[in-house]
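J.: Pasting in a structure now, in structure tokens, and then I'll have a few things to ask.
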Amino acid sequence: PTMNNTYKDLHELIMDPLFPEIDVKLRAGWHCDEEEIQAYEFITNALDWLTIYYDLYGCELVYASEGYYYIRPVSKLIKSYSLGLESMVVSQFLALMKMDPQYLESSGSFEFSELVEKIELLLGRKNIGRIFLRRKKDKEMIGEQDITNFHQSVKRSLRELARLGFVTLNPDFSKIYPRKPIFRFMDPVRNLENPKEALESIVQGEDPFDSELENGSDVENE
């Protein structure tokens, strides 16, 4: 393949001061879209050499159709990143909300209260107790302390998803903005007739789909 002219070889690529930080983040499951202007431009300009570099480690550098990069480990040299059940469920709700025309009209962002209300509406208090409070199936969320613990669990998940490039947050969680990589969580339903309805069915089920985010995840870093 024709190599990009930005770097003449792998050594020159690796010596770029941007390389170490971006490499470490990608290995840890980070997803990079064009909102990360400098990193996105670096990956795009170095795409041919980076593809060769990650192939040496048994990884695939993926460019998703929505417009973001991540690495998918194929061998065991670079470990996959696994999301916990709580973060997997929160990510599915973020994908649902990003598909909702109501949120597209409001610049694609929403408040924390809107997210937890949506989770309560679709999951119900028993599933919230099971997923976010680690209760047995018949023990639902009750009382102010349970609600506080539920909210704290959602915020922990949001911070994790922000670190991985799936969402942008205000420090006080007043604004939540799901980014393009959140559509990775649409993969199991993408080709169905009504993907939004299918994803709603999944989040209401006993076992939300695969929580293994592969590096760069599916979300394997899913």
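Residue numbering restarts at 1 in every chain; chains get A, B, ... in the order shown in the structure tokens, and ligands count up from 1 in that same order.
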So which residues touch segment 109-119 of chain A within 8 Å, counting only C-alpha atoms, skipping near sequence neighbours fewer than 2 positions away, as a CSV table (one decimal) with C-alpha atoms, in the first residue's frame?
T.:
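Written out: part.csv:
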chain,number,residue,atom,x,y,z
A,93,PHE,CA,-28.9,4.1,27.5
A,94,LEU,CA,-26.5,6.8,26.1
A,103,TYR,CA,-31.9,15.2,22.1
A,104,LEU,CA,-30.7,15.9,18.6
A,106,SER,CA,-31.0,20.1,21.9
A,107,SER,CA,-27.5,19.9,20.5
A,121,LEU,CA,-38.5,4.2,33.3
A,122,LEU,CA,-37.1,1.3,31.2
A,123,LEU,CA,-35.4,-0.8,33.8
A,124,GLY,CA,-37.7,-0.5,36.8
A,151,HIS,CA,-26.9,7.9,41.2
A,154,VAL,CA,-24.2,5.9,37.2
A,173,PHE,CA,-22.7,16.2,35.4
A,174,SER,CA,-25.1,19.0,34.5
A,175,LYS,CA,-24.5,18.3,30.8
A,176,ILE,CA,-23.9,14.9,29.2
A,177,TYR,CA,-23.0,14.6,25.6
A,178,PRO,CA,-22.7,11.2,24.0
J.: Write down as a ChimeraX atom specification the residues of chain A whose backbone DSSP state falls under strand (DSSP E).
T.: /A:32-33,59-64,68-73,167-169,176-178,213-214,221
J.: Quick one: residues within 12 Å of Asp48 of chain A, only C-alpha atoms, excluding same-chain residues fewer than 2 positions away - as a PyMOL selection string?
T.: chain A and resi 1-10+13+42-46+50-55+60-62
J.: With distances taken over only C-alpha atoms, which residue among A:Pro17, A:Phe132, A:Glu197, A:Phe150 lies nearest Met88 of chain A?
T.: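 Of A:Pro17, A:Phe132, A:Glu197, A:Phe150, the one nearest Met88 of chain A, counting only C-alpha atoms, is A:Phe132.
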J.: Using only C-alpha atoms, which of A:Glu86, A:Asp23, A:Asp33, A:Asp100 sits nearest Arg134 of chain A?
T.: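 Smallest separation from Arg134 of chain A among the options: A:Glu86.
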J.: Which residue is closest to Ser82 of chain A? Choose from A:Ala28, A:Leu56, A:Ile128, A:Met15 and count only C-alpha atoms.
T.: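 Closest to Ser82 of chain A, using only C-alpha atoms: A:Ala28.
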J.: Residues within 8 Å of Gln92 of chain A, please, as number ranges by chain. Count only C-alpha atoms; anything in the same chain fewer than 5 positions from it doesn't count.
T.: A: 185-186, 199, 203
J.: Between atom CA of Arg156 of chain A and atom CA of Gly129 of chain A, what distance in Å does the model show, to one decimal?
T.: 16.1 Å
J.: So how many Å separate atom CA of Leu133 of chain A and atom CA of Lys196 of chain A, to one decimal?
T.: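 Distance reported for this atom pair: 26.3 Å.
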